[in-house]
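*Asks:* My file is my_file-v6.csv. It has CSV, C-alpha atoms and all ligand atoms:
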```
chain,number,residue,atom,x,y,z
A,1,MET,CA,11.2,-15.1,1.8
A,2,VAL,CA,11.2,-12.9,4.9
A,3,LYS,CA,14.6,-14.2,6.0
A,4,ARG,CA,16.0,-13.1,2.6
A,5,LEU,CA,14.4,-9.7,2.8
A,6,LEU,CA,16.0,-9.2,6.3
A,7,GLU,CA,19.4,-10.4,4.9
A,8,GLN,CA,19.2,-8.1,2.0
A,9,GLY,CA,18.3,-5.1,4.2
A,10,TYR,CA,14.9,-4.3,2.7
A,11,ILE,CA,13.3,-4.7,6.2
A,12,SER,CA,14.9,-4.6,9.6
A,13,THR,CA,12.2,-4.1,12.3
A,14,PRO,CA,10.6,-7.0,14.1
A,15,GLU,CA,7.2,-5.4,13.4
A,16,ALA,CA,7.6,-5.5,9.6
A,17,SER,CA,9.2,-9.0,9.5
A,18,LEU,CA,6.5,-10.5,11.8
A,19,ALA,CA,3.7,-8.9,9.8
A,20,MET,CA,5.2,-10.3,6.5
A,21,GLU,CA,5.7,-13.7,8.1
A,22,ARG,CA,2.1,-13.9,9.2
A,23,VAL,CA,0.4,-13.0,5.9
A,24,PRO,CA,0.2,-16.0,3.5
A,25,ARG,CA,1.1,-14.3,0.1
A,26,HIS,CA,-0.1,-17.3,-1.9
A,27,LEU,CA,-3.7,-16.5,-0.8
A,28,PHE,CA,-3.4,-13.2,-2.8
A,29,VAL,CA,-1.8,-14.7,-5.9
A,30,PRO,CA,-3.8,-16.1,-8.9
A,31,GLU,CA,-4.1,-19.9,-9.2
A,32,GLU,CA,-1.8,-20.2,-12.2
A,33,LEU,CA,1.1,-18.3,-10.5
A,34,GLN,CA,0.9,-20.1,-7.2
A,35,ASP,CA,4.4,-21.6,-7.6
A,36,SER,CA,5.9,-18.0,-7.6
A,37,SER,CA,4.0,-16.8,-4.5
A,38,TYR,CA,7.1,-16.6,-2.3
A,39,GLN,CA,9.5,-15.3,-5.0
A,40,ASP,CA,10.6,-11.7,-4.6
A,41,THR,CA,8.9,-10.4,-7.8
A,42,PRO,CA,5.7,-8.6,-8.8
A,43,LEU,CA,3.1,-10.9,-10.3
A,44,TYR,CA,0.3,-10.3,-12.8
A,45,ILE,CA,-3.2,-10.2,-11.1
A,46,GLY,CA,-5.3,-9.2,-14.2
A,47,GLU,CA,-6.6,-5.9,-15.7
A,48,GLY,CA,-3.0,-4.9,-16.5
A,49,GLN,CA,-2.1,-4.7,-12.8
A,50,THR,CA,0.4,-6.5,-10.5
A,51,ILE,CA,0.8,-7.5,-6.8
A,52,SER,CA,3.9,-5.6,-5.7
A,53,ALA,CA,7.2,-7.5,-5.1
A,54,PRO,CA,7.6,-8.4,-1.4
A,55,HIS,CA,10.7,-6.3,-1.0
A,56,MET,CA,8.7,-3.2,-2.1
A,57,VAL,CA,5.9,-4.0,0.3
A,58,GLY,CA,8.6,-4.4,3.0
A,59,ILE,CA,10.3,-1.1,2.2
A,60,MET,CA,6.9,0.7,2.2
A,61,VAL,CA,5.5,-0.7,5.5
A,62,GLU,CA,8.8,-0.1,7.2
A,63,ASN,CA,9.2,3.5,6.1
A,64,LEU,CA,5.6,4.3,6.8
A,65,ASP,CA,6.4,3.5,10.4
A,66,LEU,CA,3.1,1.8,11.2
A,67,HIS,CA,1.9,1.3,14.7
A,68,LYS,CA,-0.9,-0.5,16.5
A,69,GLY,CA,-4.0,1.6,16.4
A,70,ASN,CA,-3.2,3.6,13.2
A,71,LYS,CA,-5.9,4.6,10.8
A,72,VAL,CA,-4.5,4.0,7.4
A,73,LEU,CA,-5.6,4.9,3.9
A,74,GLU,CA,-4.3,2.7,1.0
A,75,ILE,CA,-4.7,3.7,-2.6
A,76,GLY,CA,-4.6,0.8,-5.0
A,77,SER,CA,-5.8,-2.4,-3.2
A,78,GLY,CA,-4.7,-4.6,-6.1
A,79,SER,CA,-4.7,-8.1,-4.7
A,80,GLY,CA,-5.2,-6.9,-1.1
A,81,TYR,CA,-1.8,-8.3,0.0
A,82,HIS,CA,-0.2,-5.0,1.0
A,83,ALA,CA,-3.3,-4.1,2.9
A,84,ALA,CA,-3.1,-7.3,4.9
A,85,VAL,CA,0.5,-6.7,5.8
A,86,MET,CA,-0.4,-3.2,7.1
A,87,ALA,CA,-3.4,-4.7,8.9
A,88,GLU,CA,-1.0,-7.0,10.8
A,89,MET,CA,1.0,-4.0,12.0
A,90,VAL,CA,-2.0,-1.9,13.2
A,91,ARG,CA,-4.2,-4.6,14.7
A,92,PRO,CA,-6.2,-5.0,16.7
A,93,THR,CA,-7.3,-1.4,17.2
A,94,GLY,CA,-6.3,0.1,13.9
A,95,HIS,CA,-8.0,0.0,10.5
A,96,ILE,CA,-7.1,0.0,6.8
A,97,PHE,CA,-9.3,1.8,4.3
A,98,SER,CA,-8.2,0.6,0.9
A,99,VAL,CA,-9.4,2.2,-2.3
A,100,GLU,CA,-9.3,0.5,-5.7
A,101,ARG,CA,-10.7,2.0,-8.9
A,102,ILE,CA,-11.1,-1.3,-10.9
A,103,GLU,CA,-14.2,-3.1,-9.6
A,104,THR,CA,-13.1,-6.7,-10.5
A,105,LEU,CA,-9.9,-6.2,-8.6
A,106,ALA,CA,-11.7,-4.7,-5.6
A,107,MET,CA,-14.0,-7.7,-5.5
A,108,SER,CA,-11.1,-10.2,-5.6
A,109,ALA,CA,-9.1,-8.2,-3.0
A,110,ARG,CA,-12.2,-8.4,-0.7
A,111,ALA,CA,-12.4,-12.1,-1.3
A,112,ASN,CA,-8.7,-12.6,-0.7
A,113,LEU,CA,-8.8,-10.6,2.5
A,114,ASP,CA,-11.8,-12.4,3.7
A,115,ASN,CA,-10.2,-15.8,2.9
A,116,ALA,CA,-7.0,-14.8,4.8
A,117,GLY,CA,-8.9,-13.5,7.8
A,118,TYR,CA,-8.5,-9.7,7.4
A,119,SER,CA,-12.0,-8.6,6.5
A,120,GLU,CA,-12.7,-7.0,9.9
A,121,LEU,CA,-9.4,-5.0,9.7
A,122,VAL,CA,-9.6,-3.8,6.0
A,123,THR,CA,-12.4,-2.1,4.2
A,124,VAL,CA,-12.1,-2.1,0.4
A,125,ILE,CA,-13.8,0.9,-1.4
A,126,ILE,CA,-14.3,1.2,-5.2
A,127,GLU,CA,-13.4,4.8,-6.1
A,128,ASP,CA,-10.8,7.1,-7.6
A,129,GLY,CA,-8.4,7.2,-4.7
A,130,SER,CA,-6.4,10.0,-6.2
A,131,ASN,CA,-8.9,12.3,-4.4
A,132,GLY,CA,-8.3,10.4,-1.1
A,133,LEU,CA,-11.2,9.3,0.9
A,134,PRO,CA,-12.4,12.4,2.8
A,135,GLU,CA,-15.2,10.7,4.7
A,136,HIS,CA,-12.9,8.8,6.9
A,137,SER,CA,-10.1,11.4,7.2
A,138,PRO,CA,-7.8,12.4,8.8
A,139,TYR,CA,-5.4,9.4,8.5
A,140,ASP,CA,-2.3,8.6,10.6
A,141,ARG,CA,-0.8,7.0,7.5
A,142,ILE,CA,-1.4,7.0,3.7
A,143,SER,CA,0.2,4.5,1.4
A,144,VAL,CA,-0.1,4.9,-2.3
A,145,ALA,CA,0.7,1.8,-4.4
A,146,ALA,CA,0.5,3.4,-7.8
A,147,ALA,CA,2.6,6.1,-9.5
A,148,ALA,CA,1.5,9.7,-9.5
A,149,PRO,CA,2.8,12.6,-11.7
A,150,SER,CA,3.1,14.8,-8.5
A,151,ILE,CA,2.1,14.4,-4.9
A,152,PRO,CA,-1.7,14.5,-4.9
A,153,GLU,CA,-2.8,17.5,-2.9
A,154,PRO,CA,-6.0,15.9,-1.4
A,155,LEU,CA,-3.9,13.2,0.1
A,156,LYS,CA,-1.6,15.7,1.9
A,157,LEU,CA,-4.6,17.5,3.3
A,158,GLN,CA,-6.2,14.3,4.6
A,159,LEU,CA,-3.2,13.5,6.8
A,160,ALA,CA,-3.6,13.9,10.6
A,161,GLU,CA,-1.1,16.0,12.5
A,162,GLY,CA,2.1,14.0,12.6
A,163,GLY,CA,0.8,11.8,9.8
A,164,LYS,CA,2.9,10.2,7.1
A,165,LEU,CA,2.3,9.7,3.4
A,166,LEU,CA,4.2,7.4,1.0
A,167,VAL,CA,3.7,7.9,-2.7
A,168,PRO,CA,5.7,7.0,-5.8
A,169,VAL,CA,6.1,10.2,-7.9
A,170,GLY,CA,7.5,10.5,-11.4
A,171,GLY,CA,6.9,9.4,-15.0
A,172,ARG,CA,4.8,6.4,-16.1
A,173,LEU,CA,7.8,4.1,-16.2
A,174,TYR,CA,10.0,5.1,-13.3
A,175,GLN,CA,9.5,7.0,-10.1
A,176,GLU,CA,10.9,8.1,-6.8
A,177,LEU,CA,9.3,6.9,-3.6
A,178,MET,CA,8.4,10.1,-1.6
A,179,LEU,CA,7.8,10.3,2.1
A,180,VAL,CA,5.7,13.3,3.2
A,181,VAL,CA,5.3,14.2,6.9
A,182,ARG,CA,2.7,16.7,8.2
A,183,ARG,CA,3.9,18.5,11.3
A,184,ASP,CA,2.5,21.8,12.8
A,185,HIS,CA,0.5,22.3,9.5
A,186,GLN,CA,3.8,22.2,7.5
A,187,PHE,CA,4.8,19.4,5.1
A,188,THR,CA,8.3,18.0,4.8
A,189,GLN,CA,9.3,15.6,2.1
A,190,GLU,CA,12.1,13.1,1.6
A,191,ASN,CA,13.1,11.0,-1.4
A,192,LEU,CA,13.6,7.4,-0.5
A,193,GLY,CA,14.9,6.3,-3.9
A,194,GLY,CA,13.8,4.9,-7.2
A,195,CYS,CA,10.9,2.5,-7.8
A,196,VAL,CA,8.6,1.2,-10.5
A,197,PHE,CA,4.8,1.2,-10.0
A,198,VAL,CA,1.8,1.0,-12.4
A,199,PRO,CA,0.2,4.5,-12.9
A,200,LEU,CA,-2.3,6.1,-10.6
A,201,VAL,CA,-5.2,6.8,-12.9
A,202,GLY,CA,-7.6,9.5,-11.9
A,203,GLU,CA,-8.3,13.2,-11.2
A,204,HIS,CA,-5.0,13.7,-9.4
A,205,GLY,CA,-3.1,11.1,-11.3
A,206,TYR,CA,-2.6,10.2,-15.0
A,207,ASN,CA,-5.3,10.0,-17.7
A,208,GLU,CA,-6.1,6.4,-18.7
B,301,LIG,N1,-0.7,-3.1,-3.2
B,301,LIG,C1,-1.3,-4.0,-4.2
B,301,LIG,C2,-0.7,-3.7,-5.6
B,301,LIG,C3,-1.2,-2.5,-6.2
B,301,LIG,S1,-1.1,-2.3,-7.9
B,301,LIG,C4,-1.1,-5.4,-3.8
B,301,LIG,O1,-0.5,-5.7,-2.8
B,301,LIG,O2,-1.5,-6.3,-4.6
B,301,LIG,C5,-1.8,-0.7,-8.1
B,301,LIG,C6,-3.3,-0.7,-8.0
B,301,LIG,O3,-3.7,0.6,-8.0
B,301,LIG,C7,-4.0,-1.4,-9.2
B,301,LIG,O4,-4.8,-2.4,-8.8
B,301,LIG,C8,-4.7,-0.2,-9.9
B,301,LIG,O5,-6.0,-0.6,-10.4
B,301,LIG,C9,-4.9,0.7,-8.7
B,301,LIG,N2,-5.2,2.1,-9.0
B,301,LIG,C10,-4.6,2.9,-10.0
B,301,LIG,N3,-5.1,4.2,-9.9
B,301,LIG,C11,-6.0,4.2,-8.9
B,301,LIG,C12,-6.8,5.2,-8.3
B,301,LIG,N4,-6.9,6.4,-8.8
B,301,LIG,N5,-7.6,4.9,-7.3
B,301,LIG,C13,-7.6,3.6,-6.8
B,301,LIG,N6,-6.8,2.6,-7.2
B,301,LIG,C14,-6.0,2.9,-8.3
```
Rewrite the coordinates I just gave you, this time as structure tokens.
Ligand code: SAH
*Replies:*
Amino acid sequence: MVKRLLEQGYISTPEASLAMERVPRHLFVPEELQDSSYQDTPLYIGEGQTISAPHMVGIMVENLDLHKGNKVLEIGSGSGYHAAVMAEMVRPTGHIFSVERIETLAMSARANLDNAGYSELVTVIIEDGSNGLPEHSPYDRISVAAAAPSIPEPLKLQLAEGGKLLVPVGGRLYQELMLVVRRDHQFTQENLGGCVFVPLVGEHGYNE
């Protein structure tokens, strides 16, 4: 799977490819879909949600420019897979705080992360992540795995100086992946291209 992502140009750095090679995606995929674990496609994980396609996880971890020691906020734990890939890139001194609004998914993300050996590196919190997670801010990196109608202001404000935020922004069915960088108390933003995510549901997202 990783070889194909490299050939197709979705990932190019050794850090991203090593991290994706190390995380066993099948440990984050439901029993009945095990055969599809290493196909480059999103898969249904229950509650109307999906585990992102590997190429999208690759694009996101690479553009987020993750480094050893980073403190990262993830919004939308889903299966926990994306958090595990980021944990590989920031370990052993970094940490991932991953927020999930649906309790059953948060519980299974915790179980999956534990089973795959990431429970010390990733903390899963049940909350509306569209408000960020002020208690552990500021973050070096923020990764949003659900689509917002506009860039949620609390997330920008919880970035550390030099911090980077990746968030899909647009309509419910189609979005643009936006990269926001905080430097000298200013924010710059760049459009990385089209993408499709499930909606971010919450105060700074969509209504249910
Ligand atoms: N990155 C995940 C896939 C995320 S799917 C993986 O690797 O499996 C998007 C997730 O965002 C869903 O689980 C959805 O419940 C969650 N979500 C949507 N709105 C949210 C919000 N406001 N706060 C936290 N999680 C949210």
*Asks:* Distance cut-off 9 Å, centre (8.6, 0.6, 7.3) in file coordinates, counting all atoms listed in the file: which residues qualify? Return them as a compact mmCIF listing (two decimals) with C-alpha atoms, in the frame of the given file.
*Replies:*
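Written output follows (part-v4.txt):
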```txt
# COMPACT_ATOMS: atom_id res chain seq x y z
CA ILE A 11 13.30 -4.70 6.20
CA SER A 12 14.90 -4.60 9.60
CA THR A 13 12.20 -4.10 12.30
CA GLU A 15 7.20 -5.40 13.40
CA ALA A 16 7.60 -5.50 9.60
CA VAL A 57 5.90 -4.00 0.30
CA GLY A 58 8.60 -4.40 3.00
CA ILE A 59 10.30 -1.10 2.20
CA MET A 60 6.90 0.70 2.20
CA VAL A 61 5.50 -0.70 5.50
CA GLU A 62 8.80 -0.10 7.20
CA ASN A 63 9.20 3.50 6.10
CA LEU A 64 5.60 4.30 6.80
CA ASP A 65 6.40 3.50 10.40
CA LEU A 66 3.10 1.80 11.20
```
*Asks:* At a cut-off of 7 Å, can you tabulate as a tab-separated table every residue of chain A near ligand LIG 301 (chain B) together with its closest atom pair and the distance in Å to one decimal, using only C-alpha atoms and all ligand atoms and ordering rows by chain then number?
*Replies:*
```
residue	atom	partner	partner_atom	distance
A:Gln49	CA	B:LIG301	C7	5.2
A:Thr50	CA	B:LIG301	S1	5.2
A:Ile51	CA	B:LIG301	O2	3.4
A:Ser52	CA	B:LIG301	C2	5.0
A:Ile75	CA	B:LIG301	C13	5.1
A:Gly76	CA	B:LIG301	O3	3.1
A:Ser77	CA	B:LIG301	C1	4.9
A:Gly78	CA	B:LIG301	O4	3.5
A:Ser79	CA	B:LIG301	O2	3.7
A:Gly80	CA	B:LIG301	O2	5.1
A:Tyr81	CA	B:LIG301	O1	4.0
A:His82	CA	B:LIG301	O1	3.9
A:Ala83	CA	B:LIG301	O1	6.5
A:Val99	CA	B:LIG301	C13	5.0
A:Glu100	CA	B:LIG301	N6	3.6
A:Arg101	CA	B:LIG301	C13	4.1
A:Ile102	CA	B:LIG301	O5	5.2
A:Leu105	CA	B:LIG301	O4	6.4
A:Glu127	CA	B:LIG301	N5	5.9
A:Asp128	CA	B:LIG301	N5	3.9
A:Gly129	CA	B:LIG301	N5	3.6
A:Ser130	CA	B:LIG301	N4	4.5
A:Ala145	CA	B:LIG301	C3	5.0
A:Ala146	CA	B:LIG301	C5	4.7
A:Val198	CA	B:LIG301	C5	5.9
A:Pro199	CA	B:LIG301	C10	5.8
A:Leu200	CA	B:LIG301	N3	3.5
A:Val201	CA	B:LIG301	N3	4.0
A:Gly202	CA	B:LIG301	N4	4.4
A:Gly205	CA	B:LIG301	N4	6.5
```
*Asks:* Counting only C-alpha atoms, what is within 9 Å of A:Ser137, bar same-chain residues fewer than 6 positions away, as number ranges by chain?
*Replies:* A: 71, 73, 158-160
*Asks:* From the list A:Val72, A:Val124, A:Leu155, A:Ala148, which residue is nearest A:Val196 when using only C-alpha atoms?
*Replies:*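 Between A:Val72, A:Val124, A:Leu155, A:Ala148, the residue approaching A:Val196 most closely is A:Ala148.
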*Asks:* Counting all atoms listed in the file, figure out which residue out of A:Pro30, A:Gly193, A:Gly48, A:Pro42 gets nearest to A:Glu208.
*Replies:*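 Closest residue, counting all atoms listed in the file: A:Gly48.
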*Asks:* To one decimal in Å, tell me the separation between atom CA of A:Pro168 and atom CA of A:Ile151.
*Replies:* 8.3 Å
*Asks:* Counting only C-alpha atoms, what is within 12 Å of stretch 114-121 of chain A, bar same-chain residues fewer than 3 positions away, as a ChimeraX atom specification?
*Replies:* /A:22-29,68-72,79-98,107-111,124
*Asks:* Looking at all atoms listed in the file, which of A:Leu157, A:Arg182, A:His204, A:Thr188 is the one that sits closest to A:Val169?
*Replies:*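 Nearest to A:Val169: A:His204.
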*Asks:* Give the answer as one residue: which of A:Glu103, A:Met20, A:Leu165, A:Gly171 has the shortest atom-to-atom distance to A:Met56, using all atoms listed in the file?
*Replies:*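 Among the listed residues, A:Met20 lies closest to A:Met56.
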*Asks:* Find, counting all atoms listed in the file, the residue in A:Ala19, A:Leu173, A:Leu6, A:Val181 that gets nearest to A:His67.
*Replies:*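 Among A:Ala19, A:Leu173, A:Leu6, A:Val181, it is A:Ala19 that comes nearest to A:His67.
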*Asks:* What does the structure give for the distance between atom CA of A:Ala53 and atom CA of A:Gly162, in Å to one decimal?
*Replies:*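 Computed distance, atom CA of A:Ala53 to atom CA of A:Gly162, equals 28.3 Å.
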*Asks:* Grab the atom CA of A:Gln34 to atom CA of A:Phe197 distance for me, in Å with one decimal place.
*Replies:*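 Distance between the two atoms: 21.8 Å.
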*Asks:* Generate the missing atoms of stretch 10-21 of chain A up to all heavy atoms and report them as a CSV table (one decimal), in the coordinates of the input.
*Replies:*
```csv
chain,number,residue,atom,x,y,z
A,10,TYR,N,16.1,-5.0,3.1
A,10,TYR,CA,14.9,-4.3,2.7
A,10,TYR,C,14.0,-4.0,3.9
A,10,TYR,O,13.3,-3.1,4.0
A,10,TYR,CB,14.1,-5.2,1.7
A,10,TYR,CG,14.8,-5.3,0.4
A,10,TYR,CD1,15.2,-6.5,-0.1
A,10,TYR,CD2,15.1,-4.1,-0.4
A,10,TYR,CE1,15.8,-6.6,-1.4
A,10,TYR,CE2,15.7,-4.2,-1.6
A,10,TYR,CZ,16.1,-5.5,-2.1
A,10,TYR,OH,16.7,-5.6,-3.3
A,11,ILE,N,14.1,-5.0,4.9
A,11,ILE,CA,13.3,-4.7,6.2
A,11,ILE,C,14.3,-5.0,7.3
A,11,ILE,O,15.3,-5.7,7.2
A,11,ILE,CB,12.1,-5.6,6.3
A,11,ILE,CG1,12.4,-7.1,6.1
A,11,ILE,CG2,11.0,-5.2,5.4
A,11,ILE,CD1,11.2,-8.0,6.4
A,12,SER,N,14.0,-4.3,8.5
A,12,SER,CA,14.9,-4.6,9.6
A,12,SER,C,14.2,-4.6,10.9
A,12,SER,O,14.7,-5.1,11.9
A,12,SER,CB,16.0,-3.5,9.7
A,12,SER,OG,15.4,-2.2,9.8
A,13,THR,N,13.0,-4.1,11.0
A,13,THR,CA,12.2,-4.1,12.3
A,13,THR,C,11.5,-5.4,12.5
A,13,THR,O,11.0,-6.1,11.5
A,13,THR,CB,11.2,-2.9,12.3
A,13,THR,OG1,10.2,-3.2,11.3
A,13,THR,CG2,11.9,-1.6,12.1
A,14,PRO,N,11.4,-5.8,13.8
A,14,PRO,CA,10.6,-7.0,14.1
A,14,PRO,C,9.1,-6.8,13.7
A,14,PRO,O,8.5,-7.8,13.2
A,14,PRO,CB,10.7,-7.1,15.6
A,14,PRO,CG,11.6,-6.0,16.1
A,14,PRO,CD,12.0,-5.2,15.0
A,15,GLU,N,8.6,-5.6,13.7
A,15,GLU,CA,7.2,-5.4,13.4
A,15,GLU,C,6.9,-5.7,11.9
A,15,GLU,O,6.0,-6.4,11.6
A,15,GLU,CB,6.8,-3.9,13.6
A,15,GLU,CG,6.7,-3.5,15.1
A,15,GLU,CD,8.0,-3.2,15.7
A,15,GLU,OE1,9.0,-3.2,15.0
A,15,GLU,OE2,8.1,-2.9,16.9
A,16,ALA,N,7.8,-5.2,11.0
A,16,ALA,CA,7.6,-5.5,9.6
A,16,ALA,C,7.9,-7.0,9.3
A,16,ALA,O,7.1,-7.6,8.5
A,16,ALA,CB,8.6,-4.6,8.8
A,17,SER,N,8.9,-7.6,9.9
A,17,SER,CA,9.2,-9.0,9.5
A,17,SER,C,8.1,-9.9,10.1
A,17,SER,O,7.7,-10.8,9.4
A,17,SER,CB,10.6,-9.4,10.0
A,17,SER,OG,10.8,-9.1,11.3
A,18,LEU,N,7.6,-9.6,11.3
A,18,LEU,CA,6.5,-10.5,11.8
A,18,LEU,C,5.3,-10.4,11.0
A,18,LEU,O,4.6,-11.4,10.6
A,18,LEU,CB,6.2,-10.0,13.2
A,18,LEU,CG,6.7,-10.9,14.4
A,18,LEU,CD1,6.2,-10.3,15.7
A,18,LEU,CD2,6.1,-12.3,14.2
A,19,ALA,N,4.9,-9.1,10.6
A,19,ALA,CA,3.7,-8.9,9.8
A,19,ALA,C,3.9,-9.7,8.4
A,19,ALA,O,2.9,-10.4,8.0
A,19,ALA,CB,3.5,-7.5,9.5
A,20,MET,N,5.0,-9.6,7.8
A,20,MET,CA,5.2,-10.3,6.5
A,20,MET,C,5.2,-11.8,6.7
A,20,MET,O,4.8,-12.6,5.8
A,20,MET,CB,6.4,-9.8,5.8
A,20,MET,CG,6.2,-8.3,5.4
A,20,MET,SD,7.4,-7.7,4.2
A,20,MET,CE,6.9,-8.5,2.7
A,21,GLU,N,5.7,-12.3,7.8
A,21,GLU,CA,5.7,-13.7,8.1
A,21,GLU,C,4.3,-14.3,8.2
A,21,GLU,O,4.0,-15.4,7.9
A,21,GLU,CB,6.5,-14.0,9.3
A,21,GLU,CG,7.8,-14.7,9.1
A,21,GLU,CD,8.8,-14.6,10.3
A,21,GLU,OE1,8.3,-14.6,11.4
A,21,GLU,OE2,10.0,-14.4,10.1
```
